[in-house]
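Single-structure report; data block below.
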Amino acid sequence: MNSKVFMILRVLLGIFVLVFGFNKFLHFIPMEAPTGDAAIYFGALMNSKTLILVAIVEIVAGLALILDKFGALLALILMSVSVNAVLFHTTLAPSDSVGAIVLLILNILVLYGYKGKYKGLLS
């Protein structure tokens with residue numbers, strides 16, 4: 001992958017997760033309240049403080065990707081957040097699934113860009 005394209009994708013993913021991570025604390029992006037099963041699941045995430053952990057992971061991953069420090073590690077950790085977001089949105093809130101799918105695609109592309117860093121892990 002071209003280094004400039006990879007840098008753009010890495011920074012774009014970093015900004016994406018940084019914004020949504022901070023939004024979980026500051027609520028500057030208005031979001032509709034979930035309904036039905038999505039509300040039950042989301043309520044469980046809120047009550048168990050899991051969303052705080054997700055927000056912290058997103059903020060740390062966003063900074064790591066933007067600053068390119070430990071980006072390969074945090075992109076790998078961020079993959080669990082990406083997959084969970086896609087599963088949540090596609091099964092419980094399909095009308096809002098576009099952002100989660102974009103997150104997953106960006107995360108996969110960034111992981112591919114870091115593939116050289118994972119050679120030792122995969123050998």
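All residue names refer to the structure tokens as shown: chains lettered A, B, ... in order, residues numbered from 1 in each chain, ligands numbered from 1 in order.
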Nearby residues (only C-alpha atoms) at most 12 Å from Tyr118 in chain A, same-chain spacing under 3 positions excluded, as a tab-separated table (two decimals) with C-alpha atoms, in the first residue's frame:
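result_19.tsv written:
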```tsv
chain	number	residue	atom	x	y	z
A	71	GLY	CA	-0.66	2.25	15.89
A	72	ALA	CA	-0.30	-1.38	14.82
A	73	LEU	CA	-1.16	-2.61	18.32
A	75	ALA	CA	-5.48	-0.99	15.32
A	76	LEU	CA	-5.55	-4.65	16.31
A	111	LEU	CA	-4.52	-3.43	9.60
A	112	TYR	CA	-3.53	-4.34	6.04
A	113	GLY	CA	-1.25	-1.30	5.94
A	114	TYR	CA	0.44	-2.50	9.12
A	115	LYS	CA	0.77	-6.10	7.83
A	121	LEU	CA	3.20	-12.60	15.29
A	122	LEU	CA	1.86	-14.69	12.42
A	123	SER	CA	4.96	-16.78	11.69
```
Next item on the list: Just the residues within 7 Å of Arg10 in chain A, please, counting only C-alpha atoms, with nothing from its chain fewer than 2 positions along; format it as a list of chain:residue names.
Entry: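 Final neighbour list, sorted by chain and number: A:Phe6, A:Met7, A:Ile8, A:Leu12, A:Leu13, A:Gly14, A:Leu65, A:Ile66, A:Val110.
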Keeping only N, CA and C atoms, write those residues as an mmCIF file, in the first residue's frame.
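Result saved to result.cif:
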```cif
data_model
loop_
_atom_site.group_PDB
_atom_site.id
_atom_site.type_symbol
_atom_site.label_atom_id
_atom_site.label_comp_id
_atom_site.auth_asym_id
_atom_site.auth_seq_id
_atom_site.Cartn_x
_atom_site.Cartn_y
_atom_site.Cartn_z
ATOM 1 N N PHE A 6 -1.782 5.088 2.963
ATOM 2 C CA PHE A 6 -1.855 4.483 4.288
ATOM 3 C C PHE A 6 -1.909 5.546 5.374
ATOM 4 N N MET A 7 -1.099 6.594 5.251
ATOM 5 C CA MET A 7 -1.106 7.659 6.244
ATOM 6 C C MET A 7 -2.480 8.332 6.298
ATOM 7 N N ILE A 8 -3.077 8.584 5.141
ATOM 8 C CA ILE A 8 -4.405 9.213 5.099
ATOM 9 C C ILE A 8 -5.441 8.309 5.756
ATOM 10 N N LEU A 12 -7.375 9.199 9.144
ATOM 11 C CA LEU A 12 -8.834 9.240 9.030
ATOM 12 C C LEU A 12 -9.488 8.323 10.068
ATOM 13 N N LEU A 13 -8.976 7.099 10.197
ATOM 14 C CA LEU A 13 -9.485 6.180 11.220
ATOM 15 C C LEU A 13 -9.237 6.755 12.611
ATOM 16 N N GLY A 14 -8.065 7.338 12.829
ATOM 17 C CA GLY A 14 -7.747 7.933 14.120
ATOM 18 C C GLY A 14 -8.702 9.053 14.491
ATOM 19 N N LEU A 65 -3.096 6.211 16.447
ATOM 20 C CA LEU A 65 -3.114 6.179 14.985
ATOM 21 C C LEU A 65 -2.719 7.527 14.390
ATOM 22 N N ILE A 66 -3.201 8.601 14.957
ATOM 23 C CA ILE A 66 -2.866 9.931 14.448
ATOM 24 C C ILE A 66 -1.373 10.218 14.638
ATOM 25 N N VAL A 110 -6.392 -0.308 7.530
ATOM 26 C CA VAL A 110 -5.241 0.095 8.347
ATOM 27 C C VAL A 110 -4.481 -1.146 8.824
#
```
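Ranking A:Leu74, A:Ala61, A:Ala33, A:Leu51 by their shortest atom-to-atom distance to Val19 in chain A, with only C-alpha atoms included, puts A:Ala61 first.
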Notebook entry, point to check: What are the DSSP alpha helix (DSSP H) residues of range 5-122 of chain A, as an MDAnalysis selection string?
Noted result: chainID A and resid 5:26 36:47 50:67 71:92 97:113 119:122
Margin query: From the options A:Ile29, A:Leu78, A:Ala38, A:Leu45, which residue's atoms come nearest to Val17 in chain A, counting only C-alpha atoms?
Written below: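 Under the stated criterion, the closest residue is A:Leu78.
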